[in-house]
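The file my_file03.txt comes next; it holds compact mmCIF, C-alpha atoms.
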# COMPACT_ATOMS: atom_id res chain seq x y z
CA MET A 1 0.00 0.00 0.00
CA PRO A 2 2.74 2.53 0.78
CA ARG A 3 4.34 1.61 -2.58
CA GLN A 4 1.07 2.38 -4.46
CA THR A 5 0.76 5.70 -2.65
CA HIS A 6 4.32 6.58 -3.68
CA ILE A 7 3.57 5.74 -7.33
CA LEU A 8 0.36 7.77 -7.38
CA SER A 9 2.16 10.69 -5.79
CA SER A 10 4.91 10.57 -8.49
CA VAL A 11 2.32 10.49 -11.26
CA ALA A 12 0.53 13.48 -9.77
CA VAL A 13 3.77 15.47 -9.62
CA THR A 14 4.59 14.57 -13.22
CA LEU A 15 1.13 15.59 -14.45
CA ALA A 16 1.32 18.85 -12.54
CA ALA A 17 4.71 19.63 -14.08
CA ALA A 18 3.41 18.85 -17.56
CA ALA A 19 0.37 21.04 -17.03
CA GLY A 20 2.59 23.87 -15.85
CA ALA A 21 4.85 23.53 -18.86
CA LEU A 22 1.84 23.52 -21.20
CA ALA A 23 0.46 26.65 -19.56
CA LEU A 24 3.83 28.39 -19.88
CA PHE A 25 4.04 27.39 -23.57
CA LYS A 26 0.53 28.73 -24.22
CA GLN A 27 1.38 31.99 -22.48
CA SER A 28 4.60 32.37 -24.48
CA PHE A 29 2.83 31.52 -27.76
CA THR A 30 0.01 33.96 -27.02
CA GLN A 31 2.46 36.75 -26.24
CA LYS A 32 4.41 36.17 -29.52
CA THR A 33 1.34 36.12 -31.72
CA THR A 34 -0.11 39.15 -29.92
CA TYR A 35 2.96 41.39 -30.03
CA ASP A 36 4.78 40.33 -33.18
CA ASP A 37 4.16 43.32 -35.44
CA HIS A 38 6.07 41.66 -38.31
CA ASP A 39 3.88 38.58 -38.69
CA ASP A 40 3.41 37.99 -42.42
CA HIS A 41 -0.16 36.75 -41.98
CA ASP A 42 -2.63 39.54 -42.53
CA ASP A 43 -6.36 39.23 -42.02
CA ASN A 44 -6.86 42.67 -43.59
CA ASN A 45 -6.87 42.22 -47.36
CA ASP A 46 -7.28 45.92 -48.07
CA ALA A 47 -4.36 47.35 -50.05
CA SER A 48 -5.26 50.83 -48.81
CA SER A 49 -3.80 49.89 -45.42
CA TYR A 50 -0.33 49.76 -46.94
CA ILE A 51 2.36 52.00 -48.37
CA LEU A 52 5.03 50.75 -50.78
CA MET A 53 8.61 51.82 -50.05
CA VAL A 54 10.97 50.99 -52.90
CA GLY A 55 14.62 51.59 -53.59
CA ASP A 56 17.30 51.20 -56.24
CA ILE A 57 20.63 50.99 -54.42
CA GLY A 58 23.73 51.01 -56.57
CA GLY A 59 27.39 51.54 -55.87
CA THR A 60 27.13 55.31 -56.35
CA ASN A 61 23.54 56.40 -55.74
CA THR A 62 20.48 55.34 -53.79
CA ARG A 63 17.05 56.23 -55.18
CA LEU A 64 14.07 55.81 -52.85
CA ALA A 65 10.34 56.36 -53.37
CA MET A 66 7.02 55.88 -51.58
CA TYR A 67 3.90 54.79 -53.46
CA ASN A 68 0.24 54.28 -52.78
CA PRO A 69 -0.27 50.68 -54.00
CA GLU A 70 -3.64 51.60 -55.50
CA ASP A 71 -2.08 54.40 -57.58
CA SER A 72 1.50 53.43 -58.34
CA THR A 73 1.92 55.69 -61.36
CA THR A 74 3.02 58.70 -59.30
CA ALA A 75 5.32 58.61 -56.29
CA LEU A 76 4.08 60.11 -53.05
CA PHE A 77 7.68 61.08 -52.30
CA GLU A 78 10.99 60.43 -54.04
CA LYS A 79 14.58 61.30 -53.22
CA GLU A 80 18.08 60.43 -54.42
CA TYR A 81 21.17 60.12 -52.23
CA LEU A 82 24.88 60.05 -53.08
CA ASN A 83 26.11 57.04 -51.13
CA SER A 84 29.58 58.43 -50.47
CA GLU A 85 28.07 61.31 -48.47
CA TYR A 86 26.20 58.99 -46.10
CA ILE A 87 27.86 55.56 -46.08
CA THR A 88 31.37 56.71 -45.23
CA ASP A 89 32.73 53.64 -43.44
CA ASN A 90 31.76 50.16 -42.23
CA THR A 91 30.08 51.52 -39.08
CA LYS A 92 27.38 53.22 -41.16
CA SER A 93 24.19 51.51 -42.34
CA PHE A 94 21.61 52.32 -44.99
CA GLU A 95 18.90 51.92 -42.37
CA ASN A 96 20.24 54.65 -40.06
CA GLU A 97 21.88 57.00 -42.54
CA ILE A 98 19.38 56.96 -45.41
CA PHE A 99 16.16 55.00 -44.76
CA LEU A 100 15.19 56.66 -41.46
CA PRO A 101 15.83 60.24 -42.69
CA PHE A 102 13.95 59.42 -45.90
CA LEU A 103 10.90 58.19 -43.98
CA ALA A 104 11.04 61.22 -41.68
CA SER A 105 11.08 63.64 -44.61
CA SER A 106 8.54 61.79 -46.76
CA GLY A 107 5.50 63.55 -45.32
CA VAL A 108 3.69 60.21 -45.09
CA ASN A 109 1.96 59.92 -41.70
CA LEU A 110 2.76 56.53 -40.20
CA ASP A 111 2.42 57.30 -36.50
CA ASP A 112 -1.38 57.10 -36.49
CA GLY A 113 -1.03 53.32 -36.89
CA THR A 114 -3.29 53.00 -39.92
CA LYS A 115 -0.54 52.27 -42.45
CA ARG A 116 2.08 49.58 -42.74
CA ILE A 117 4.94 49.40 -45.21
CA VAL A 118 5.80 46.74 -47.77
CA ALA A 119 9.34 47.44 -48.95
CA CYS A 120 11.54 46.19 -51.77
CA PHE A 121 15.12 47.26 -52.34
CA ALA A 122 16.96 46.39 -55.55
CA VAL A 123 20.60 46.27 -54.46
CA ALA A 124 23.87 45.89 -56.35
CA GLY A 125 25.32 42.51 -55.39
CA PRO A 126 24.42 38.83 -55.18
CA VAL A 127 21.40 38.17 -52.93
CA LYS A 128 21.14 35.11 -50.68
CA ASP A 129 18.43 34.45 -48.07
CA ASN A 130 16.97 37.95 -48.55
CA CYS A 131 20.35 39.49 -47.72
CA VAL A 132 23.11 41.20 -49.71
CA ILE A 133 26.63 42.27 -48.80
CA MET A 134 27.57 45.36 -50.80
CA THR A 135 31.27 45.52 -51.66
CA ASN A 136 31.30 48.22 -54.35
CA LEU A 137 30.79 51.27 -52.13
CA GLY A 138 34.45 52.06 -51.59
CA LYS A 139 37.80 50.58 -50.79
CA ASN A 140 37.69 48.04 -47.93
CA MET A 141 33.99 48.70 -47.34
CA SER A 142 31.44 45.92 -46.84
CA ILE A 143 27.88 46.89 -45.92
CA LYS A 144 25.07 44.43 -45.24
CA LEU A 145 21.41 44.92 -46.12
CA ASP A 146 19.24 42.17 -44.61
CA GLY A 147 15.50 42.10 -45.22
CA LYS A 148 14.88 40.00 -42.10
CA ASP A 149 16.73 42.52 -39.91
CA ILE A 150 14.75 45.39 -41.39
CA GLU A 151 11.46 43.56 -40.77
CA ALA A 152 12.48 42.97 -37.15
CA SER A 153 13.68 46.53 -36.54
CA THR A 154 11.97 48.66 -33.90
CA SER A 155 14.01 51.76 -34.73
CA GLY A 156 11.91 54.81 -35.54
CA SER A 157 9.66 54.46 -38.56
CA LEU A 158 11.38 51.22 -39.61
CA LYS A 159 9.04 49.48 -37.15
CA TYR A 160 6.22 50.03 -39.64
CA ILE A 161 7.92 47.88 -42.30
CA GLN A 162 5.97 44.64 -42.18
CA LYS A 163 7.61 43.01 -45.20
CA CYS A 164 11.00 43.75 -46.76
CA LYS A 165 12.27 42.01 -49.87
CA ILE A 166 15.85 42.36 -51.10
CA VAL A 167 16.48 41.65 -54.78
CA ASN A 168 19.52 42.03 -57.00
CA ASP A 169 19.69 45.44 -58.64
CA PHE A 170 19.34 43.90 -62.07
CA VAL A 171 16.30 41.92 -61.04
CA GLY A 172 14.92 45.39 -60.41
CA GLN A 173 16.11 46.51 -63.84
CA GLY A 174 14.54 43.44 -65.45
CA TYR A 175 11.11 43.95 -63.92
CA GLY A 176 11.42 47.65 -64.78
CA LEU A 177 11.58 46.69 -68.46
CA LEU A 178 7.94 45.61 -68.21
CA ASP A 179 6.99 49.21 -67.38
CA LEU A 180 8.76 50.83 -70.35
CA ASP A 181 6.96 52.88 -72.99
CA LEU A 182 8.66 51.55 -76.13
CA ASP A 183 7.49 54.57 -78.12
CA LYS A 184 9.04 57.19 -75.82
CA GLU A 185 11.59 55.68 -73.46
CA VAL A 186 13.81 53.58 -75.73
CA VAL A 187 15.50 53.88 -79.10
CA GLU A 188 15.84 51.03 -81.56
CA LEU A 189 19.48 50.17 -82.15
CA ILE A 190 18.45 47.82 -84.97
CA PRO A 191 15.64 49.22 -87.14
CA GLY A 192 12.38 47.28 -86.95
CA SER A 193 13.12 45.83 -83.52
CA LYS A 194 9.65 46.55 -82.11
CA GLU A 195 7.94 44.74 -84.97
CA ARG A 196 10.15 41.67 -84.51
CA MET A 197 9.51 41.23 -80.77
CA ASP A 198 8.07 37.89 -79.67
CA PRO A 199 5.43 38.82 -77.02
CA THR A 200 6.32 35.80 -74.87
CA GLY A 201 9.96 35.37 -75.93
CA PRO A 202 12.89 35.64 -73.49
CA LYS A 203 14.15 39.12 -72.64
CA ALA A 204 17.65 40.11 -71.56
CA CYS A 205 19.14 43.28 -70.16
CA LEU A 206 22.63 44.57 -69.52
CA GLY A 207 23.57 47.96 -68.21
CA ALA A 208 26.71 49.84 -67.26
CA GLY A 209 26.70 52.19 -64.31
CA THR A 210 29.07 52.04 -61.36
CA GLY A 211 29.45 48.38 -62.35
CA LEU A 212 28.04 46.15 -65.09
CA GLY A 213 24.82 44.24 -64.48
CA GLU A 214 22.99 41.61 -66.48
CA CYS A 215 19.71 39.67 -66.14
CA PHE A 216 17.19 37.72 -68.18
CA LEU A 217 13.43 37.17 -68.09
CA THR A 218 11.23 34.29 -69.24
CA THR A 219 7.58 33.32 -69.24
CA SER A 220 6.16 29.92 -68.38
CA SER A 221 5.31 27.72 -71.36
CA TYR A 222 2.39 26.36 -69.30
CA HIS A 223 1.06 29.68 -68.00
CA PRO A 224 2.37 32.52 -70.21
CA GLU A 225 -0.59 34.64 -69.11
CA GLU A 226 1.08 35.01 -65.69
CA GLY A 227 3.77 37.19 -67.22
CA TYR A 228 7.54 37.32 -66.89
CA GLU A 229 9.84 36.20 -64.10
CA CYS A 230 13.27 37.83 -63.86
CA PHE A 231 16.47 36.01 -62.91
CA ALA A 232 19.64 37.58 -61.56
CA SER A 233 23.06 37.13 -63.11
CA GLU A 234 26.62 38.12 -62.33
CA GLY A 235 27.50 38.24 -66.02
CA GLY A 236 29.38 41.50 -65.51
CA HIS A 237 32.13 39.42 -63.92
CA ALA A 238 32.69 37.28 -67.01
CA ASP A 239 36.14 37.53 -68.54
CA TYR A 240 37.15 40.59 -70.53
CA SER A 241 38.24 39.61 -74.06
CA PRO A 242 40.34 42.24 -75.90
CA ARG A 243 39.74 42.70 -79.62
CA THR A 244 42.67 44.91 -80.72
CA ASP A 245 46.37 45.25 -79.94
CA VAL A 246 45.69 48.31 -77.77
CA GLN A 247 43.05 46.37 -75.85
CA VAL A 248 45.52 43.51 -75.33
CA ASP A 249 47.85 46.05 -73.71
CA LEU A 250 44.89 47.31 -71.66
CA LEU A 251 44.26 43.77 -70.42
CA ARG A 252 47.91 43.43 -69.33
CA TYR A 253 47.67 46.76 -67.53
CA LEU A 254 44.48 45.77 -65.67
CA LYS A 255 45.88 42.37 -64.67
CA SER A 256 48.83 44.15 -63.12
CA LYS A 257 46.71 46.85 -61.46
CA TYR A 258 44.30 44.39 -59.86
CA GLU A 259 46.94 41.71 -59.20
CA GLU A 260 45.05 39.18 -61.30
CA PRO A 261 47.62 37.02 -63.13
CA ASN A 262 45.19 35.30 -65.51
CA ARG A 263 42.08 37.39 -66.19
CA VAL A 264 39.99 40.45 -65.31
CA SER A 265 36.24 40.97 -65.37
CA ILE A 266 34.50 42.74 -68.23
CA GLU A 267 33.20 45.14 -65.53
CA ARG A 268 36.78 46.46 -65.14
CA VAL A 269 36.31 48.00 -68.61
CA VAL A 270 32.55 48.38 -69.10
CA SER A 271 31.35 50.60 -66.25
CA GLY A 272 31.94 54.08 -64.86
CA ARG A 273 34.98 52.83 -63.00
CA GLY A 274 35.96 50.84 -66.07
CA LEU A 275 35.92 53.99 -68.19
CA ALA A 276 38.26 55.57 -65.63
CA ASN A 277 40.52 52.50 -65.89
CA VAL A 278 40.72 52.86 -69.66
CA PHE A 279 41.59 56.56 -69.48
CA GLU A 280 44.19 55.91 -66.79
CA PHE A 281 45.79 53.25 -69.02
CA LEU A 282 45.87 55.59 -72.03
CA ALA A 283 47.29 58.46 -69.97
CA LYS A 284 50.13 56.30 -68.66
CA THR A 285 50.79 54.68 -72.04
CA TYR A 286 50.73 57.92 -74.08
CA PRO A 287 51.68 60.69 -71.60
CA ASP A 288 52.58 63.14 -74.37
CA LYS A 289 48.96 63.07 -75.61
CA VAL A 290 47.33 63.90 -72.28
CA ARG A 291 45.56 67.24 -71.82
CA LEU A 292 46.88 68.41 -68.45
CA ASP A 293 43.66 70.24 -67.52
CA ILE A 294 41.65 67.03 -68.03
CA LEU A 295 44.22 64.96 -66.14
CA LYS A 296 44.08 67.33 -63.17
CA GLU A 297 40.28 67.25 -63.15
CA PHE A 298 40.36 63.44 -63.44
CA GLN A 299 42.80 62.97 -60.57
CA GLY A 300 40.72 65.15 -58.25
CA ALA A 301 37.37 63.54 -59.06
CA LYS A 302 37.62 60.50 -56.74
CA ASP A 303 34.55 58.28 -57.38
CA MET A 304 33.40 60.57 -60.21
CA GLN A 305 36.38 59.97 -62.53
CA GLY A 306 34.24 58.16 -65.10
CA ARG A 307 31.89 61.13 -65.23
CA VAL A 308 34.82 63.45 -66.00
CA ILE A 309 35.78 61.31 -68.99
CA GLY A 310 32.19 61.02 -70.22
CA THR A 311 31.55 64.75 -69.96
CA ASN A 312 34.71 65.66 -71.86
CA ALA A 313 34.18 62.97 -74.50
CA ASN A 314 30.68 64.26 -75.20
CA ALA A 315 31.57 67.96 -75.23
CA ASP A 316 30.14 69.78 -78.24
CA VAL A 317 33.13 72.13 -78.32
CA ASN A 318 36.73 70.93 -78.05
CA PRO A 319 36.12 67.38 -76.82
CA CYS A 320 39.16 65.70 -75.28
CA PRO A 321 40.67 63.26 -77.84
CA MET A 322 41.95 60.87 -75.17
CA CYS A 323 38.54 60.89 -73.45
CA VAL A 324 36.93 60.08 -76.82
CA GLU A 325 39.38 57.21 -77.36
CA ALA A 326 38.70 55.87 -73.85
CA MET A 327 34.96 56.04 -74.51
CA GLU A 328 35.31 54.25 -77.86
CA ILE A 329 37.34 51.43 -76.28
CA MET A 330 34.78 51.02 -73.51
CA MET A 331 31.83 51.16 -75.90
CA SER A 332 33.42 48.58 -78.19
CA ALA A 333 33.70 46.21 -75.23
CA TYR A 334 30.11 47.09 -74.24
CA GLY A 335 28.79 46.21 -77.70
CA ALA A 336 30.75 42.95 -77.73
CA GLU A 337 29.29 41.95 -74.36
CA ALA A 338 25.78 42.83 -75.58
CA SER A 339 26.24 40.44 -78.50
CA ASN A 340 27.47 37.79 -76.02
CA CYS A 341 24.12 38.19 -74.24
CA ALA A 342 22.35 37.89 -77.58
CA VAL A 343 23.97 34.54 -78.42
CA LYS A 344 23.61 33.17 -74.87
CA PHE A 345 19.94 34.02 -74.30
CA ILE A 346 18.60 34.53 -77.86
CA PRO A 347 16.21 37.12 -76.39
CA THR A 348 13.52 37.25 -79.05
CA GLY A 349 11.43 39.33 -76.62
CA GLY A 350 14.08 42.05 -76.69
CA LEU A 351 17.64 42.81 -75.62
CA TYR A 352 17.83 46.05 -73.65
CA VAL A 353 20.91 48.19 -72.97
CA SER A 354 20.24 50.14 -69.79
CA GLY A 355 22.26 51.70 -66.97
CA GLY A 356 23.32 55.27 -66.33
CA LEU A 357 26.04 55.31 -68.97
CA THR A 358 23.64 54.49 -71.82
CA PRO A 359 21.53 57.65 -72.13
CA LYS A 360 24.46 59.91 -71.23
CA ASN A 361 26.62 58.49 -74.03
CA ILE A 362 24.01 57.53 -76.60
CA LYS A 363 26.00 58.95 -79.53
CA PHE A 364 28.67 56.29 -78.94
CA ILE A 365 25.96 53.57 -78.92
CA GLN A 366 23.40 54.52 -81.56
CA GLY A 367 24.09 54.27 -85.28
CA VAL A 368 25.60 51.60 -87.53
CA ASP A 369 29.05 53.22 -87.34
CA SER A 370 29.12 53.66 -83.56
CA PRO A 371 31.82 51.71 -81.69
CA PHE A 372 29.07 49.87 -79.79
CA MET A 373 27.17 48.68 -82.86
CA LYS A 374 30.30 47.79 -84.84
CA ALA A 375 31.39 45.45 -82.06
CA TYR A 376 27.86 44.12 -81.53
CA LYS A 377 27.45 43.06 -85.14
CA ASP A 378 30.95 41.59 -85.44
CA LYS A 379 30.03 38.06 -84.32
CA GLY A 380 31.48 35.91 -87.09
CA ARG A 381 29.26 32.96 -87.96
CA LEU A 382 26.54 34.23 -85.60
CA SER A 383 26.40 37.79 -86.96
CA GLU A 384 23.08 37.03 -88.68
CA LEU A 385 21.62 35.78 -85.40
CA VAL A 386 22.59 38.84 -83.35
CA ASN A 387 21.28 41.13 -86.07
CA SER A 388 17.89 39.40 -85.85
CA ILE A 389 17.49 40.15 -82.13
CA PRO A 390 15.28 43.14 -81.20
CA LEU A 391 17.80 45.57 -79.67
CA PHE A 392 17.00 48.71 -77.67
CA ALA A 393 18.84 51.42 -75.75
CA VAL A 394 16.92 52.52 -72.64
CA LEU A 395 16.83 56.30 -72.21
CA VAL A 396 15.44 56.44 -68.64
CA GLU A 397 17.47 55.85 -65.50
CA ASP A 398 14.76 54.77 -63.06
CA LEU A 399 14.29 51.17 -64.26
CA GLY A 400 15.55 49.74 -60.97
CA LEU A 401 13.08 51.83 -58.99
CA ARG A 402 10.21 50.78 -61.27
CA GLY A 403 11.19 47.13 -60.94
CA ALA A 404 11.41 47.37 -57.14
CA ARG A 405 7.87 48.75 -57.21
CA VAL A 406 6.72 45.75 -59.28
CA CYS A 407 8.33 43.38 -56.76
CA ALA A 408 6.83 45.22 -53.77
CA THR A 409 3.40 45.07 -55.39
CA ARG A 410 3.75 41.32 -55.91
CA GLU A 411 4.74 40.87 -52.26
CA LEU A 412 1.66 42.82 -51.18
CA GLN A 413 -0.56 40.72 -53.45
CA ASN A 414 0.82 37.56 -51.83
CA MET A 415 0.12 38.98 -48.37
CA ILE A 416 -3.45 40.08 -48.91
CA GLY A 417 -4.37 37.31 -51.34
CA GLY A 418 -5.66 39.59 -54.04
CA LYS A 419 -4.78 41.68 -57.06
CA VAL A 420 -3.53 45.21 -56.49
CA ARG A 421 -4.50 47.72 -59.15
Turn this file's structure into structure tokens for me.
Amino acid sequence: MPRQTHILSSVAVTLAAAAGALALFKQSFTQKTTYDDHDDHDDNNDASSYILMVGDIGGTNTRLAMYNPEDSTTALFEKEYLNSEYITDNTKSFENEIFLPFLASSGVNLDDGTKRIVACFAVAGPVKDNCVIMTNLGKNMSIKLDGKDIEASTSGSLKYIQKCKIVNDFVGQGYGLLDLDLDKEVVELIPGSKERMDPTGPKACLGAGTGLGECFLTTSSYHPEEGYECFASEGGHADYSPRTDVQVDLLRYLKSKYEEPNRVSIERVVSGRGLANVFEFLAKTYPDKVRLDILKEFQGAKDMQGRVIGTNANADVNPCPMCVEAMEIMMSAYGAEASNCAVKFIPTGGLYVSGGLTPKNIKFIQGVDSPFMKAYKDKGRLSELVNSIPLFAVLVEDLGLRGARVCATRELQNMIGGKVR
């Protein structure tokens, strides 16, 4: 009998402990679901309860905008930032230095609790697990942007961001293509390109800015009505292939400069920084041909050296011959890489040349005798193929911002389970 009493007493203690643990679990679970402001589940399927915050974050500039999801044609507020003025070292973050001041100056009232934010940032760099490490902001700088950290933030107005998606900057560019007005915002580099476009064919895009980005888009053969999906690429880091004796010397120079014994990326030539590399090579190779006023301006320009070369190459009066030569070398490599994209993707839905350098230097791109088009068409046995691809130069510079808006809208649609106008 005493043994039975002992057993019953042990069982009672065990059951009491289990009940206590269950109660504690329920309390913990209730508290999490009650106070977690960043829960993706949303019983309110009204898009009017949300604001879209979108950004195009490159190596040089950050463009941010706020949109009403029910009227995404006009930004509620938009602002551009020069990264080097705000992200000055590895202790700085986009959240503190740019995002919070942007939200504070936007004029959008968030403190009344009626609005939440769905954000998408198109960022230069490879994205993994909704996170990107930016390495092209400056020497020895490495800055992280993590969508999960932003969603969890309780700092200032960042606490209103319920969903934050990070995409590659050229995923943003790719989705931005879908918003282009082909009658006003592009020029045909091959006549008749618009008429030859396959409405469901693959699309591809490459664009030179601070760096060189590339992406491609496809539709589903089973559900083409659902539209295009864009896929990131790091094609700008493919090998640079020189085409002339001078370019062979340029390759040797760049291998030495970057301590790369075997190869350098095409981005080292085709980009704003690449243009600066080409001019630097020419100035050191042919010092007697350098205009000293341009060289002085170039050496004092820091991150804006490529802009100095572009401005002086495009000058209507007294353009700098060495700047023109640097631009022609870069544009020849740009055209060759565009034709590489043409043969890799066969983008019958259109091949688009975007990026900040394209509209600013269109005279070196457009026209059958331009250095860009000469190199593009010079594809040997596949010249006929590349000439059959619809080819466009994009004249607007906000493609990344437009694409981020498309991605943010899709995220909102997934959250509320309905179509957003």
Measure the distance from atom CA of Thr348 of chain A to atom CA of Ser220 of chain A in Å and round it to one decimal.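 Going from atom CA of Thr348 of chain A over to atom CA of Ser220 of chain A, I get 14.9 Å.
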Determine, counting only C-alpha atoms, which protein, DNA and RNA residues have an atom within 12 Å of an atom of Ala338 of chain A; residues of the same chain fewer than 2 positions away are not included. Present the result as a CSV table (one decimal) with C-alpha atoms, in the frame of the given file.
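Wrote it out as around29.csv, contents follow:
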chain,number,residue,atom,x,y,z
A,189,LEU,CA,19.5,50.2,-82.2
A,204,ALA,CA,17.6,40.1,-71.6
A,205,CYS,CA,19.1,43.3,-70.2
A,206,LEU,CA,22.6,44.6,-69.5
A,207,GLY,CA,23.6,48.0,-68.2
A,208,ALA,CA,26.7,49.8,-67.3
A,212,LEU,CA,28.0,46.2,-65.1
A,213,GLY,CA,24.8,44.2,-64.5
A,214,GLU,CA,23.0,41.6,-66.5
A,215,CYS,CA,19.7,39.7,-66.1
A,235,GLY,CA,27.5,38.2,-66.0
A,236,GLY,CA,29.4,41.5,-65.5
A,266,ILE,CA,34.5,42.7,-68.2
A,270,VAL,CA,32.6,48.4,-69.1
A,331,MET,CA,31.8,51.2,-75.9
A,332,SER,CA,33.4,48.6,-78.2
A,333,ALA,CA,33.7,46.2,-75.2
A,334,TYR,CA,30.1,47.1,-74.2
A,335,GLY,CA,28.8,46.2,-77.7
A,336,ALA,CA,30.8,43.0,-77.7
A,340,ASN,CA,27.5,37.8,-76.0
A,341,CYS,CA,24.1,38.2,-74.2
A,342,ALA,CA,22.4,37.9,-77.6
A,343,VAL,CA,24.0,34.5,-78.4
A,344,LYS,CA,23.6,33.2,-74.9
A,345,PHE,CA,19.9,34.0,-74.3
A,346,ILE,CA,18.6,34.5,-77.9
A,347,PRO,CA,16.2,37.1,-76.4
A,350,GLY,CA,14.1,42.0,-76.7
A,351,LEU,CA,17.6,42.8,-75.6
A,352,TYR,CA,17.8,46.0,-73.6
A,353,VAL,CA,20.9,48.2,-73.0
A,354,SER,CA,20.2,50.1,-69.8
A,365,ILE,CA,26.0,53.6,-78.9
A,372,PHE,CA,29.1,49.9,-79.8
A,373,MET,CA,27.2,48.7,-82.9
A,374,LYS,CA,30.3,47.8,-84.8
A,375,ALA,CA,31.4,45.4,-82.1
A,376,TYR,CA,27.9,44.1,-81.5
A,377,LYS,CA,27.4,43.1,-85.1
A,378,ASP,CA,31.0,41.6,-85.4
A,379,LYS,CA,30.0,38.1,-84.3
A,386,VAL,CA,22.6,38.8,-83.4
A,387,ASN,CA,21.3,41.1,-86.1
A,389,ILE,CA,17.5,40.2,-82.1
A,390,PRO,CA,15.3,43.1,-81.2
A,391,LEU,CA,17.8,45.6,-79.7
A,392,PHE,CA,17.0,48.7,-77.7
A,393,ALA,CA,18.8,51.4,-75.8
Shell of 10 Å around Phe281 of chain A, all atoms listed in the file, local chain residues under 2 positions omitted, as a list in words: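 Contacts, with the query itself left out: Asp249, Leu250, Leu251, Tyr253, Leu254, Lys257, Leu275, Ala276, Asn277, Val278, Phe279, Ala283, Lys284, Thr285, Tyr286, Pro287 and Ala326 of chain A.
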Give me, as number ranges by chain, all polymer residues having an atom no more than 8 Å from segment 137-144 of chain A, counting only C-alpha atoms and skipping those fewer than 6 positions away in the same chain. A: 59-60, 83-84, 87, 89-90, 92-93, 131
For Thr358 of chain A, which of A:Val171, A:Val186, A:Cys320, A:Leu295 is the closest residue, counting all atoms listed in the file?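 For Thr358 of chain A, the nearest of the candidates is A:Val186.
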Please compute the atom CA of Phe121 of chain A-atom CA of His237 of chain A distance, one decimal, in Å. 22.0 Å
With a distance cut-off of 12 Å and all atoms listed in the file, select the neighbouring residues of Ala75 of chain A, excluding the residue or stretch itself and same-chain residues fewer than 3 positions from it, and output the selection as a count of residues only. 21
